[in-house]
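Asker: This is the structure, below, for whatever I ask next.
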Amino acid sequence: MLSINDKDLGTPARTAEKLVTIEVDGRAVTVPEGTSVIRAAALADVVIPKLCATDSLEPFGSCRLCLIQIEGRNGYPASCTTPVEAGMKVRTQSEKLTQLRRGVMELYMSDHPLDPFECKAGGKCELHEMARAVGLEQVRYDHGGRNHLDLPADDSNPYFSFDPARCILCSRCIRACDEVQGTFALTIDGRGFNSVMSPGQHLQYIDSECVSCGACVQACPTDALMEKTLIEKGRAERAIVTTCGYCGVGCSFKAEVKGDEVVRMVPNKDGFPNHGHSCVKGRFAWGYATHPDRVKKPMIRKRISDAWTEVSWEEAISYAAAELRRVQDKYGRGSIGGITSSRCTNEEAYLVQKLVRAAFGNNNVDTCARVCHSPTGYGLKTAFGTPAGTQDFDSVASADVIMVIGANPTEGHPVFASIMKRRLRAGARLIVADPRRIELVRMPHIEADYFLQLTPGTNVALFNALAHVVVTEGMVNEKFVAERCDPREYKLWRDCIVNERNSPEAAEQITGVPAEKIRGAARLYAKGPNSAIYYGLGVTEHSQGSTAVLAMANLAMVTGNLGRAGVGVNPLRGQNNVQGSNDVGSFPHELTGYRHVSDPQLRADFEKEWHVTLDPEPGLRIPNMFDAALDGSFKGLYVEGEDIAQSDPNSQHVAAALSAMEIVIVHDIFLNETAKYAHVVLPGSSFLEKNGTFTNAERRISMVRKVLPPLAGKEDWEVTCELAKALGYPMEYRHPAEIMDEIARLTPTFAGVSYAKLERLGSVQWPCNETAPAGTRVMHVGEFVRGKGRFLLTEYVATDERTSQRFPLILTTGRILTQYNVGTQTRRTKNVAWHAEDRLEIHPHDAEQRGVRDGGWVEVSSRAGSIALRAEITERVQPGVVYTTFHHPETGANVVTTENSDWATNCPEYKVTAVQVMPTARRPERVPAGRALQAAK
Ligand code: SF4
Ligand code: SF4
Ligand code: SF4
Ligand code: FES
C-alpha cells in the first residue's frame, strides 16, 4: 500500500530518447517512446482507475479496470499495457467505460467486503478507492455464493499479515517479489476459483523463501497484505523522509507517524539509492528504538565494580569532564582519547573528533572503520586519490560483468543486491570469489559464470593471478593505461606481475582455485566491456587487506574499468555511515577530507576556525589505545555509539585494556558490553530522534530527520557540545545544519554541501563543490583525482595465522540478513524469529572426522581463546574452513580472533583464524573480564 502522498503513475518510467506526444481527454502530453498510456495520462493529471498496475512493476494487464477508448480503434484496450503512439487520441471517460469498469469492480467486490468499515486499512486501500472512483455503491451478488471470505489468515510473519480472504489475485505481490526483490517466493497456488496467492505450496510466510523485504506488502492494493503495526495503530497522520539507520546502502524511507509513535517505515519511491525498495531491517526492524532496554538517564559510578547511580545530565557531564581533566593532569595530555562510530551522523562524528583535537588537545581519535574498511581508505586513496567507492549504486545497471569478492550482498547489502540481481537477470555475467558458497552463486534465474572458492587469506594471490592473465594474454587496455596511469610504476608492476609466481598455476597452489577457472574469470572480466568490482570485508579484514585493495585497483586500471558507468572498484560498506565518519576526520592522522594533520597550512585553517592550537602529531589508533592502556599511559576514553568490547578482536585483551582505564565514558542507546567497563553512561539518541546526515557507500549524503523527540531529552551532538563546554572549550551550534556548514567551510570536497541543498536535491554525492555543485555520481572520469593512477606492487605474503596440527581449520566470519553487526539493535526486534543464535557452519567431511552432529554444541578454540556454539553441517563451506556470524554477544566470536592486522591500517584479520572444532556437551563459560585482566597482567 502506498505511503502518504505517494502518487502512483501506473507503470515504470521509460528512458527512450525519442519523445511521443498524445492527447488524453483533450490534454496534450509528451513522453518517452514506450511509455504506457496510463502513465502518460497520470503525467497529464488524468487518473485512470487501475488495480493490477503500479509504477514499480512492469504492466500485467489482468484486472481490466484501466480500459480506455482510442480514436479510430475498436474495443477498449487496457491503458497499462498499451504504449503511446504519436498522434494517439485517448478517451478515459465515457458511459460505456464507466459501465465496464463498474462491472469489473462489482465482480471483485463480490468476493471482498464492500463496507469500508470492514477494511483493515480503514477503507483507504486502493481497492476501496477504486470502488468509489467507479461509483460502485452496492454489489448485486451477495456474499452467500462461493467466495474466499472464510480463508484463514497467515500471521506467521512477525511484521505483516496475509489475509487471503482479502486477496483479489492481482499478482502485484508476486511480481514485486520477482521483479523488485528478486526472491521469487510467491506463486498462485491452485486453479480456477480455488486459486490463492501463496508463499509456496502449503507454506506459511515464515517457512517460505520470503526474506521479509516488504515489497509485496508495499505493492498490494488491498488489505490482504498489511503491516501489523498499521493494523494495530491505524493510519499515520504525517510522514517524514529520513535515512535508514542500518547498512551502508543508506536507503531513504518515509517514517509514518501518528501522535508520537512510528506506525511504519515505508521505502521512499523518490529516494536514492533504493528507489522505493527496502530490506527487512530498515523496513521493519526499527522497534529497538523504543525497546525497554533503552538507557534514558545518565549514570555514573566510581569503580566498574560499583552499582550505577542515575544522575542528572549536568552531574554526569561535569563528572565526566572533571575525570578526564584529572586523568590528563596526572598522566599527561595524551592519556585520553575518543572513538567515533559509523552509526553516528556525520555531524556527531565531526564533533567527537573536534572534541578530541580541540578540547582534549591531542589526536587520539579513531573510529570503528578501523576494524572494517580502513584498508579501503588507504588502498583507494593511494591508487586513485580518493578513499571512496568510484561509482553510484545505479551504475551497476550498466555493468556487463560483475565481480563480487569477499562480500555477500544478499545478506549484508540486500537492497543493492536486488538492484544487482535485476541486472544479472537481464544478462550481465557474474564472477564470485569467496571462501563460502554465497547465495548469489546460484539462485533463481542467476548463476555465477565463475565461482572462485578460494582459501581464506589468499585474495592477493588470486587478484595477482587475474592480472597476470590479463597482461600475459594481451588483454591490457593499453590506451587507458598510457593516458591515465603513471608509466614508470606501470612498467615496474607489469614486469613483476608477469612473473611465473603470479601465474594461475602458482595461485592454484595457494588459493585452491583451479588455474583454468582463474584464466576464464580473468578473460571474462577483461573483455567486459563494462566490468565492475564490488567487494566487502572479505577483502579488507586481512593482514594484506590494503594490498588486496591495491591489487583490485591494479586490475581495474589495467583493463580500463574506471571512470564511466558500469565499471569501478566499489566497497560495500557495512554500517550506515562508515564512509561519512571517515570523511569527517575520525582517523587519528587525518582531518576532514582525508588530509594529514601534519600539514601546517591545513592545521592553520582549522586553528583559525576552532580557535585552538592543534597537535601536529597523529594520535593513537584503537589497538594502540588498548596497548597504551595496558602499559599504563592511556587512562581515559569517550566512546560514542560503538561497542568496542564486542566488536574489536581478541575480546579478552580489549576487556583488560578497558579495565585498566580510570575513566571510560560510554555514550550509547543501550548498556552494551563496553558499558560493563564504563564509569559514565550518557544516553544516546536513535536515528529516529535526531537531525543530521549519513553518507552511504556511494558517497551519498542523505538527511536523517528527527521523527520523535529524543527519549533521554538530548540529541547526541548536543551531548558532545556540553561535554566540550564542561571541559572549557565551548562548541556552540543551534542546529546540526551549522555543523555541516563548518565541515563545508573546512573541506574542499564538501564545499557545496548544505542542508538547504540537501532539502532541495534530496541527497548529494561528494565531491560537491564549485566544479560539481550537484555532486558527483561517477569518480575519476577522464583523469584520476590524484592525476595519474598508481600501479603498486602487490606481492602476496601469507598471513602469520597458519593452520597447524593443533588448529587445523580456518574460521572465517560473515553476516546474516536479519541481524546487524553485533546485534545490539536487531536482537531487540522481532528479527530474532529468523536468527536467534549464531551457528558454526562446518563441512560434512570435517564434521564427520570430529563426531560433530548437526545442531550439536561445539567448542571452537584458537590461539586467543575459545567459544562454544551450535554446529550446522553444510557444504556451503569447503573442507578445512568453518564459518560463523557474530551477531550475538554470548557467541563471543571475537574471543577467538587474533590480534593480527593489516600491515598498513591495523584493520584486524577477522577473516582468518586457525581453530580446532570439537564437540562439547554444553556451552562452556566464557572467561569473565576480571579474570582476563589478571591473565593480561
Ligand atoms: S516480503 Fe519480499 S521476499 Fe517476502 S514474499 Fe514479499 S516481496 Fe517476496
Ligand atoms: S495479496 Fe494483494 S497484491 Fe497479492 S494478489 Fe492478493 S490482492 Fe494482489
Ligand atoms: S539495505 Fe541497508 S540501508 Fe537499505 S533498508 Fe536494508 S539495512 Fe537499511
Ligand atoms: S491496471 Fe491495467 S489491466 Fe489492471
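By convention in this document, the chains of the C-alpha cells carry letters A, B, ... by their order, each chain's residues are numbered from 1, and ligands are numbered from 1 in the order they are shown.
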Please extract the residues at most 9 Å from ligand 2, counting only C-alpha atoms and all ligand atoms, and provide them as a PyMOL selection string, using the chain letters and residue numbers of this document.

Answerer: chain A and resi 51-52+127+162-176+186+188+196-198+216-226

Asker: Please, could you write that set of residues out with C-alpha atoms as a JSON list (two decimals), in the first residue's frame?

Answerer:
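Output below, filename again_34.json:
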[["chain", "number", "residue", "atom", "x", "y", "z"],
["A", 51, "LEU", "CA", -5.74, -2.32, -9.81],
["A", 52, "CYS", "CA", -3.12, -4.69, -11.18],
["A", 127, "LEU", "CA", -9.48, -1.38, -3.91],
["A", 162, "PHE", "CA", -1.55, -12.11, 4.80],
["A", 163, "ASP", "CA", -5.30, -12.49, 4.64],
["A", 164, "PRO", "CA", -6.24, -14.49, 1.53],
["A", 165, "ALA", "CA", -9.88, -13.60, 2.10],
["A", 166, "ARG", "CA", -9.00, -10.04, 1.07],
["A", 167, "CYS", "CA", -6.89, -11.03, -1.92],
["A", 168, "ILE", "CA", -8.08, -10.16, -5.44],
["A", 169, "LEU", "CA", -5.35, -12.20, -7.17],
["A", 170, "CYS", "CA", -3.96, -9.17, -8.96],
["A", 171, "SER", "CA", -0.46, -10.70, -8.60],
["A", 172, "ARG", "CA", 1.16, -7.38, -7.77],
["A", 173, "CYS", "CA", 2.79, -9.05, -4.77],
["A", 174, "ILE", "CA", 4.17, -11.90, -6.87],
["A", 175, "ARG", "CA", 5.57, -9.51, -9.44],
["A", 176, "ALA", "CA", 7.08, -7.33, -6.71],
["A", 186, "LEU", "CA", 5.34, -16.15, -4.16],
["A", 188, "ILE", "CA", -0.53, -18.64, -7.38],
["A", 196, "VAL", "CA", -4.90, -18.45, -3.98],
["A", 197, "MET", "CA", -1.79, -16.36, -3.74],
["A", 198, "SER", "CA", 0.68, -18.29, -1.64],
["A", 216, "CYS", "CA", 4.79, -7.42, -1.71],
["A", 217, "VAL", "CA", 3.14, -5.57, 1.16],
["A", 218, "GLN", "CA", 4.03, -2.29, -0.50],
["A", 219, "ALA", "CA", 2.58, -3.45, -3.79],
["A", 220, "CYS", "CA", -0.69, -4.91, -2.52],
["A", 221, "PRO", "CA", -3.66, -2.71, -3.46],
["A", 222, "THR", "CA", -5.95, -4.25, -0.84],
["A", 223, "ASP", "CA", -5.78, -5.05, 2.85],
["A", 224, "ALA", "CA", -4.70, -8.63, 2.07],
["A", 225, "LEU", "CA", -1.05, -7.91, 2.81],
["A", 226, "MET", "CA", -0.59, -5.35, 5.54]]

Asker: Report as a Markdown table the residues of segment 479-539 of chain A within 9 Å of segment 795-816 of chain A, each with its shortest atom pair and distance in Å (one decimal), using only C-alpha atoms, ordered by chain and increasing residue number.

Answerer:
| residue | atom | partner | partner_atom | distance |
| --- | --- | --- | --- | --- |
| A:Cys496 | CA | A:Glu795 | CA | 8.8 |
| A:Ile497 | CA | A:Glu795 | CA | 8.9 |
| A:Asn502 | CA | A:Tyr796 | CA | 8.7 |
| A:Ile510 | CA | A:Ala798 | CA | 8.9 |
| A:Leu537 | CA | A:Gly814 | CA | 8.4 |
| A:Gly538 | CA | A:Gly814 | CA | 8.2 |

Asker: Take the selection from the previous step and output its residues with N, CA, C and O atoms, as a short mmCIF file (atom, residue, chain, number, x, y, z; two decimals), in the first residue's frame.

Answerer:
data_model
loop_
_atom_site.label_atom_id
_atom_site.label_comp_id
_atom_site.auth_asym_id
_atom_site.auth_seq_id
_atom_site.Cartn_x
_atom_site.Cartn_y
_atom_site.Cartn_z
N CYS A 496 56.67 -7.23 -12.86
CA CYS A 496 56.52 -8.11 -11.69
C CYS A 496 55.35 -9.08 -11.89
O CYS A 496 55.44 -10.27 -11.60
N ILE A 497 54.25 -8.57 -12.43
CA ILE A 497 53.03 -9.39 -12.47
C ILE A 497 53.16 -10.53 -13.48
O ILE A 497 52.50 -11.56 -13.35
N ASN A 502 53.22 -15.35 -10.16
CA ASN A 502 51.87 -14.78 -10.16
C ASN A 502 50.94 -15.48 -11.16
O ASN A 502 49.83 -15.00 -11.43
N ILE A 510 48.16 -21.85 -3.97
CA ILE A 510 47.94 -21.01 -2.78
C ILE A 510 46.45 -20.90 -2.46
O ILE A 510 46.03 -21.04 -1.32
N LEU A 537 34.12 -6.91 3.38
CA LEU A 537 35.11 -7.13 4.43
C LEU A 537 35.93 -8.39 4.20
O LEU A 537 36.99 -8.56 4.80
N GLY A 538 35.45 -9.26 3.33
CA GLY A 538 36.23 -10.44 2.97
C GLY A 538 37.50 -10.06 2.22
O GLY A 538 38.40 -10.88 2.03
#

Asker: Within 12 Å of ligand 4, which residues of chain A come that close, and what is the closest atom pair and distance in Å for each? Count only C-alpha atoms and all ligand atoms and give it as CSV.

Answerer:
residue,atom,partner,partner_atom_place_in_ligand_line,distance
A:Asp8,CA,ligand 4,1 (S),11.4
A:Leu9,CA,ligand 4,1 (S),10.8
A:Gly10,CA,ligand 4,1 (S),7.3
A:Thr11,CA,ligand 4,1 (S),9.0
A:Ser36,CA,ligand 4,2 (Fe),10.0
A:Val37,CA,ligand 4,2 (Fe),10.0
A:Ile38,CA,ligand 4,2 (Fe),7.9
A:Arg39,CA,ligand 4,2 (Fe),10.7
A:Val47,CA,ligand 4,1 (S),11.5
A:Ile48,CA,ligand 4,1 (S),8.6
A:Pro49,CA,ligand 4,1 (S),7.1
A:Lys50,CA,ligand 4,1 (S),3.8
A:Leu51,CA,ligand 4,1 (S),4.7
A:Cys52,CA,ligand 4,4 (Fe),3.9
A:Ala53,CA,ligand 4,1 (S),4.2
A:Thr54,CA,ligand 4,1 (S),7.6
A:Asp55,CA,ligand 4,1 (S),10.4
A:Leu57,CA,ligand 4,1 (S),11.1
A:Glu58,CA,ligand 4,2 (Fe),10.7
A:Pro59,CA,ligand 4,2 (Fe),7.0
A:Phe60,CA,ligand 4,3 (S),6.5
A:Gly61,CA,ligand 4,3 (S),3.4
A:Ser62,CA,ligand 4,3 (S),4.6
A:Cys63,CA,ligand 4,4 (Fe),3.8
A:Arg64,CA,ligand 4,3 (S),4.0
A:Leu65,CA,ligand 4,4 (Fe),5.4
A:Cys66,CA,ligand 4,2 (Fe),4.5
A:Leu67,CA,ligand 4,2 (Fe),7.0
A:Ile68,CA,ligand 4,2 (Fe),9.7
A:Tyr76,CA,ligand 4,3 (S),11.0
A:Pro77,CA,ligand 4,3 (S),8.7
A:Ala78,CA,ligand 4,2 (Fe),5.1
A:Ser79,CA,ligand 4,2 (Fe),5.8
A:Cys80,CA,ligand 4,2 (Fe),4.4
A:Thr81,CA,ligand 4,2 (Fe),6.5
A:Thr82,CA,ligand 4,2 (Fe),9.0
A:Pro83,CA,ligand 4,2 (Fe),11.9
A:Arg101,CA,ligand 4,4 (Fe),10.6
A:Val104,CA,ligand 4,4 (Fe),10.3
A:Met105,CA,ligand 4,4 (Fe),11.2
A:Glu126,CA,ligand 4,1 (S),11.5
A:Leu127,CA,ligand 4,1 (S),11.5
A:Met130,CA,ligand 4,1 (S),10.8
A:Ile168,CA,ligand 4,4 (Fe),11.4
A:Leu169,CA,ligand 4,4 (Fe),11.1
A:Cys170,CA,ligand 4,4 (Fe),7.7
A:Ser171,CA,ligand 4,4 (Fe),10.1
A:Arg172,CA,ligand 4,4 (Fe),9.8
A:Pro221,CA,ligand 4,1 (S),10.9

Asker: Suppose we keep C-alpha atoms; can you now write the selection as a PDB file, in the first residue's frame?

Answerer:
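Final file, selection.pdb:
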ATOM      1  CA  ASP A   8       1.312   6.111  -8.483  1.00  0.00           C
ATOM      2  CA  LEU A   9       1.873   6.642 -12.201  1.00  0.00           C
ATOM      3  CA  GLY A  10       0.756   3.124 -13.070  1.00  0.00           C
ATOM      4  CA  THR A  11       3.779   1.757 -14.910  1.00  0.00           C
ATOM      5  CA  SER A  36       2.195   3.343 -21.344  1.00  0.00           C
ATOM      6  CA  VAL A  37      -0.976   5.333 -21.899  1.00  0.00           C
ATOM      7  CA  ILE A  38      -1.860   5.063 -18.201  1.00  0.00           C
ATOM      8  CA  ARG A  39       1.445   6.688 -17.245  1.00  0.00           C
ATOM      9  CA  VAL A  47      -6.344   9.471 -13.321  1.00  0.00           C
ATOM     10  CA  ILE A  48      -7.410   6.193 -14.917  1.00  0.00           C
ATOM     11  CA  PRO A  49      -8.745   3.605 -12.440  1.00  0.00           C
ATOM     12  CA  LYS A  50      -6.430   0.610 -12.069  1.00  0.00           C
ATOM     13  CA  LEU A  51      -5.743  -2.324  -9.812  1.00  0.00           C
ATOM     14  CA  CYS A  52      -3.118  -4.694 -11.178  1.00  0.00           C
ATOM     15  CA  ALA A  53      -0.793  -1.914 -12.333  1.00  0.00           C
ATOM     16  CA  THR A  54       1.631   0.078 -10.200  1.00  0.00           C
ATOM     17  CA  ASP A  55       4.613   2.124 -11.246  1.00  0.00           C
ATOM     18  CA  LEU A  57       6.245  -3.093 -11.713  1.00  0.00           C
ATOM     19  CA  GLU A  58       6.016  -3.973 -15.352  1.00  0.00           C
ATOM     20  CA  PRO A  59       2.363  -3.951 -16.546  1.00  0.00           C
ATOM     21  CA  PHE A  60       0.443  -7.179 -16.387  1.00  0.00           C
ATOM     22  CA  GLY A  61      -2.960  -6.330 -17.825  1.00  0.00           C
ATOM     23  CA  SER A  62      -5.085  -8.659 -15.746  1.00  0.00           C
ATOM     24  CA  CYS A  63      -7.706  -6.614 -13.925  1.00  0.00           C
ATOM     25  CA  ARG A  64      -9.247  -4.833 -16.950  1.00  0.00           C
ATOM     26  CA  LEU A  65     -10.107  -1.788 -14.882  1.00  0.00           C
ATOM     27  CA  CYS A  66      -7.898   0.654 -16.746  1.00  0.00           C
ATOM     28  CA  LEU A  67      -9.825   0.383 -20.001  1.00  0.00           C
ATOM     29  CA  ILE A  68      -9.765   3.308 -22.414  1.00  0.00           C
ATOM     30  CA  TYR A  76     -11.480  -0.987 -25.049  1.00  0.00           C
ATOM     31  CA  PRO A  77      -7.757  -1.700 -24.583  1.00  0.00           C
ATOM     32  CA  ALA A  78      -6.088  -1.723 -21.183  1.00  0.00           C
ATOM     33  CA  SER A  79      -4.185   1.542 -20.817  1.00  0.00           C
ATOM     34  CA  CYS A  80      -1.431  -0.060 -18.694  1.00  0.00           C
ATOM     35  CA  THR A  81      -0.335  -2.418 -21.470  1.00  0.00           C
ATOM     36  CA  THR A  82      -0.916  -0.029 -24.380  1.00  0.00           C
ATOM     37  CA  PRO A  83       2.144   2.022 -25.333  1.00  0.00           C
ATOM     38  CA  ARG A 101     -15.254  -0.659 -15.016  1.00  0.00           C
ATOM     39  CA  VAL A 104     -15.233  -5.402 -13.151  1.00  0.00           C
ATOM     40  CA  MET A 105     -15.240  -3.821  -9.705  1.00  0.00           C
ATOM     41  CA  GLU A 126      -6.682   1.136  -3.432  1.00  0.00           C
ATOM     42  CA  LEU A 127      -9.479  -1.381  -3.911  1.00  0.00           C
ATOM     43  CA  MET A 130     -11.273   2.310  -6.967  1.00  0.00           C
ATOM     44  CA  ILE A 168      -8.080 -10.162  -5.441  1.00  0.00           C
ATOM     45  CA  LEU A 169      -5.350 -12.201  -7.170  1.00  0.00           C
ATOM     46  CA  CYS A 170      -3.955  -9.168  -8.961  1.00  0.00           C
ATOM     47  CA  SER A 171      -0.456 -10.698  -8.603  1.00  0.00           C
ATOM     48  CA  ARG A 172       1.159  -7.375  -7.769  1.00  0.00           C
ATOM     49  CA  PRO A 221      -3.660  -2.712  -3.458  1.00  0.00           C
TER      50      PRO A 221
END

Asker: Calculated over only C-alpha atoms and all ligand atoms, which of the candidates A:Ile22, A:Val46, A:Ile419, A:Cys177 has the smallest distance to ligand 1?

Answerer: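 With only C-alpha atoms and all ligand atoms as the atom set, the closest residue is A:Cys177.
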
Asker: From segment 610-735 of chain A, collect each residue whose DSSP state is strand (DSSP E or B) and return the set as a list of chain:residue names.

Answerer: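 Those in segment 610-735 of chain A that DSSP calls strand (DSSP E or B) are A:Gly636, A:Leu637, A:Tyr638, A:Val639, A:Glu640, A:Ile663, A:Val664, A:Ile665, A:Val666, A:His667, A:Asp668, A:Val680, A:Val681, A:Leu682, A:Pro683, A:Gly692, A:Thr693, A:Phe694, A:Thr695, A:Arg700, A:Ile701, A:Ser702, A:Met703, A:Val704.
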
Asker: List every residue of segment 527-568 of chain A that DSSP, applied to the backbone of this structure, assigns to alpha helix (DSSP H), and report them as a ChimeraX atom specification.

Answerer: /A:527,537-540,545-558

Asker: With all heavy atoms retained, write the just-selected residues as a short mmCIF file (atom, residue, chain, number, x, y, z; two decimals), in the first residue's frame.

Answerer:
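New file part_13.cif:
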data_model
loop_
_atom_site.label_atom_id
_atom_site.label_comp_id
_atom_site.auth_asym_id
_atom_site.auth_seq_id
_atom_site.Cartn_x
_atom_site.Cartn_y
_atom_site.Cartn_z
N LYS A 527 37.26 -8.66 -20.78
CA LYS A 527 36.54 -8.36 -22.02
C LYS A 527 35.28 -7.56 -21.80
O LYS A 527 34.74 -6.98 -22.73
CB LYS A 527 36.26 -9.67 -22.76
CG LYS A 527 37.56 -10.22 -23.33
CD LYS A 527 37.38 -11.44 -24.19
CE LYS A 527 38.75 -11.89 -24.73
NZ LYS A 527 38.81 -13.27 -25.09
N LEU A 537 34.12 -6.91 3.38
CA LEU A 537 35.11 -7.13 4.43
C LEU A 537 35.93 -8.39 4.20
O LEU A 537 36.99 -8.56 4.80
CB LEU A 537 34.40 -7.19 5.79
CG LEU A 537 33.55 -5.96 6.12
CD1 LEU A 537 32.94 -6.07 7.50
CD2 LEU A 537 34.37 -4.69 6.01
N GLY A 538 35.45 -9.26 3.33
CA GLY A 538 36.23 -10.44 2.97
C GLY A 538 37.50 -10.06 2.22
O GLY A 538 38.40 -10.88 2.03
N VAL A 539 37.59 -8.81 1.80
CA VAL A 539 38.83 -8.32 1.18
C VAL A 539 39.66 -7.53 2.19
O VAL A 539 40.88 -7.67 2.26
CB VAL A 539 38.51 -7.43 -0.05
CG1 VAL A 539 39.74 -6.64 -0.50
CG2 VAL A 539 37.98 -8.28 -1.19
N THR A 540 38.99 -6.73 3.01
CA THR A 540 39.74 -5.78 3.84
C THR A 540 40.24 -6.35 5.17
O THR A 540 41.30 -5.98 5.64
CB THR A 540 38.88 -4.54 4.15
OG1 THR A 540 37.65 -4.98 4.75
CG2 THR A 540 38.57 -3.75 2.89
N GLY A 545 44.96 -6.71 3.80
CA GLY A 545 43.74 -6.03 3.34
C GLY A 545 44.07 -4.87 2.41
O GLY A 545 43.46 -4.74 1.33
N SER A 546 45.01 -4.03 2.78
CA SER A 546 45.34 -2.87 1.94
C SER A 546 45.97 -3.32 0.62
O SER A 546 45.70 -2.75 -0.44
CB SER A 546 46.29 -1.92 2.67
OG SER A 546 45.61 -1.33 3.75
N THR A 547 46.80 -4.36 0.69
CA THR A 547 47.42 -4.88 -0.54
C THR A 547 46.33 -5.37 -1.49
O THR A 547 46.41 -5.16 -2.71
CB THR A 547 48.36 -6.07 -0.20
OG1 THR A 547 49.09 -5.76 0.97
CG2 THR A 547 49.30 -6.37 -1.34
N ALA A 548 45.32 -6.03 -0.92
CA ALA A 548 44.25 -6.56 -1.77
C ALA A 548 43.48 -5.44 -2.46
O ALA A 548 43.12 -5.55 -3.64
CB ALA A 548 43.31 -7.42 -0.93
N VAL A 549 43.23 -4.35 -1.73
CA VAL A 549 42.52 -3.22 -2.35
C VAL A 549 43.38 -2.64 -3.49
O VAL A 549 42.87 -2.35 -4.58
CB VAL A 549 42.17 -2.14 -1.30
CG1 VAL A 549 41.52 -0.93 -1.96
CG2 VAL A 549 41.23 -2.72 -0.24
N LEU A 550 44.67 -2.53 -3.24
CA LEU A 550 45.56 -2.03 -4.30
C LEU A 550 45.57 -2.99 -5.49
O LEU A 550 45.60 -2.56 -6.65
CB LEU A 550 46.98 -1.88 -3.74
CG LEU A 550 47.19 -0.72 -2.75
CD1 LEU A 550 48.53 -0.86 -2.03
CD2 LEU A 550 47.12 0.62 -3.48
N ALA A 551 45.53 -4.29 -5.21
CA ALA A 551 45.56 -5.28 -6.29
C ALA A 551 44.29 -5.18 -7.14
O ALA A 551 44.33 -5.32 -8.37
CB ALA A 551 45.71 -6.68 -5.72
N MET A 552 43.15 -4.92 -6.50
CA MET A 552 41.91 -4.74 -7.27
C MET A 552 41.99 -3.47 -8.10
O MET A 552 41.50 -3.42 -9.24
CB MET A 552 40.70 -4.68 -6.34
CG MET A 552 40.36 -6.00 -5.71
SD MET A 552 38.84 -5.92 -4.76
CE MET A 552 39.19 -4.61 -3.65
N ALA A 553 42.58 -2.43 -7.51
CA ALA A 553 42.74 -1.17 -8.25
C ALA A 553 43.61 -1.41 -9.48
O ALA A 553 43.30 -0.93 -10.58
CB ALA A 553 43.37 -0.11 -7.35
N ASN A 554 44.68 -2.20 -9.33
CA ASN A 554 45.54 -2.53 -10.47
C ASN A 554 44.73 -3.23 -11.57
O ASN A 554 44.85 -2.91 -12.76
CB ASN A 554 46.67 -3.47 -10.03
CG ASN A 554 47.68 -2.77 -9.11
OD1 ASN A 554 47.76 -1.56 -9.08
ND2 ASN A 554 48.43 -3.56 -8.36
N LEU A 555 43.92 -4.19 -11.14
CA LEU A 555 43.14 -4.98 -12.09
C LEU A 555 42.17 -4.08 -12.87
O LEU A 555 42.02 -4.22 -14.10
CB LEU A 555 42.37 -6.05 -11.30
CG LEU A 555 41.73 -7.19 -12.06
CD1 LEU A 555 42.75 -7.95 -12.90
CD2 LEU A 555 41.03 -8.14 -11.07
N ALA A 556 41.53 -3.16 -12.15
CA ALA A 556 40.57 -2.26 -12.81
C ALA A 556 41.31 -1.32 -13.78
O ALA A 556 40.83 -1.05 -14.88
CB ALA A 556 39.79 -1.47 -11.77
N MET A 557 42.50 -0.83 -13.36
CA MET A 557 43.23 0.11 -14.23
C MET A 557 43.76 -0.59 -15.47
O MET A 557 43.66 -0.06 -16.58
CB MET A 557 44.39 0.75 -13.46
CG MET A 557 43.94 1.82 -12.49
SD MET A 557 45.31 2.76 -11.77
CE MET A 557 46.09 1.55 -10.74
N VAL A 558 44.31 -1.78 -15.29
CA VAL A 558 44.96 -2.43 -16.43
C VAL A 558 43.93 -2.84 -17.48
O VAL A 558 44.26 -2.98 -18.67
CB VAL A 558 45.83 -3.63 -15.96
CG1 VAL A 558 44.99 -4.87 -15.66
CG2 VAL A 558 46.90 -3.95 -16.99
#

Asker: How far is it from atom CA of Leu688 of chain A to atom CA of Val707 of chain A, in Å with one decimal?

Answerer: 5.2 Å

Asker: Name the closest residue to ligand 1 among the candidates A:His112, A:Thr747, A:Leu355, A:Val415; distances are taken between atoms, counting only C-alpha atoms and all ligand atoms.

Answerer: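 Once distances to ligand 1 are computed over only C-alpha atoms and all ligand atoms, the minimum belongs to A:Val415.
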
Asker: Which is closer to ligand 1 than all the others in A:Ile431, A:Val295, A:Val781, A:Ala215, using only C-alpha atoms and all ligand atoms?

Answerer: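 Selected residue with least distance to ligand 1: A:Ala215.
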
Asker: Considering only C-alpha atoms, state which residue in the set A:Arg564, A:Arg325, A:Lys258, A:Arg699 is at the smallest distance from Ile663 of chain A.

Answerer: A:Arg325

Asker: For Met918 of chain A, please output as a ChimeraX atom specification all residues within 12 Å (counting only C-alpha atoms; exclusion window: fewer than 5 positions along the same chain).

Answerer: /A:806-809,840,842,846-853,856-862,866-871

Asker: Find the residues near Ile669 of chain A: any atom within 8 Å, counting only C-alpha atoms, skip ones fewer than 2 places away on the same chain, and give them as a list in words.

Answerer: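 Contacts, in chain order: Arg294, Val295, Gly641, His667, Leu671, Pro683, Gly684, Ser685 and Ser686 of chain A.
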
Asker: When the cut-off is 7 Å and you count only C-alpha atoms and all ligand atoms, which residues lie near ligand 3, shown as a ChimeraX atom specification?

Answerer: /A:244-251,274,278-283,413-416,576
